[in-house]
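S.K.: Let me give you the structure first, and then I'll get to my questions.
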Amino acid sequence: MISKAMAETINKQINNEMYSAYLYMAMSADCSSKGLNGFAKWFMVQYHEEMLHAMKFYNYLLDQGAEIQLQGIKEPPKTFATVREMFEKTLEHEKFITKSINEIANQAQKEQDHATFTFVQWYITEQIEEEKNDTEILQRLKLAGESGPGLFMLDGALGARAVTVQTDFSIGVPITGAGA
Ligand code: OFO
């Protein structure tokens with residue numbers, strides 16, 4: 001069993017993760033409307049990853065016998081000036097998520113909640129990957145250029161990204177493990 005305060009924090013984090021999914025879905029839609037189908041796919045794969053992040057927290061609360069309290073999801077921006085702006089906003093958002101994950105770990109330590117502290121380690125590692133991916137794509141955008149053949153090439157490369165995470169949550173979500 002976890003504390004009420006910890007359940008509140010995790011419920012808030014479910015909302016953060018759902019907003020992440022929503023934000024990347026909005027970016028995917030904007031890329032699609034601009035004919036950038038590779039970027040659109042990359043962001044849609046990211047959407048699935050974020051849904052998994054939300055559902056892992058959701059299942060953790062259920063496993064701990066805590067109450068699920070779903071909150072309203074903020075509206076994401078509809079359009080973005082450039083692809084570079086999307087990735088700058090993505091990186092900025094992921095830094096915010098890293099901070100919120102670290103705060104969960106801090107709270108768990110303070111409460112001597114070893115279960116949550118262990119559980120959140122998966123997210124701490126995941127955030128290294130998230131920030132790294134966005135930083136690398138920003139570097140590639142700088143090298144390739146934001147229009148013409150460079151952008152077209154990068155669109156093709158990012159379109160190769162495939163969904164590798166669990167997308168069916170009716171079967172539960174393991175607390176640890178790669179399916180995760
Ligand atoms: Fe993008 O890591 Fe969850 O939010």
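Following the order of the structure tokens, first chain is A, next is B, and so on, with residues numbered from 1 inside each chain and ligands from 1 in the order they appear.
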Can you pull out every residue with an atom within 12 Å of ligand 1? Use only C-alpha atoms and all ligand atoms and format it as a ChimeraX atom specification.
M.R.: /A:12-24,43,45-57,89-101,120,122-134,180
S.K.: Between A:Ala5, A:Ala115, A:Leu143, A:Val83, single out the one closest to A:Ser28, counting only C-alpha atoms.
M.R.: A:Val83
S.K.: In Å, with one decimal, what is the gap from atom CA of A:Leu141 to atom CA of A:Lys78?
M.R.: 21.6 Å
S.K.: Distance atom CA of A:Asp155-atom CA of A:Asp168, one decimal place?
M.R.: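 These two atoms are separated by 27.7 Å.
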S.K.: Here is a test: counting only C-alpha atoms, which residue of A:Ile10, A:Ala160, A:Lys142, A:Lys4 is nearest to A:Phe39?
M.R.: A:Ala160
S.K.: Any idea what's packed within 10 Å of A:Phe117, counting only C-alpha atoms, ignoring anything in its chain fewer than 2 positions away? Could you give it as a PyMOL selection string?
M.R.: chain A and resi 102+104-115+119-122
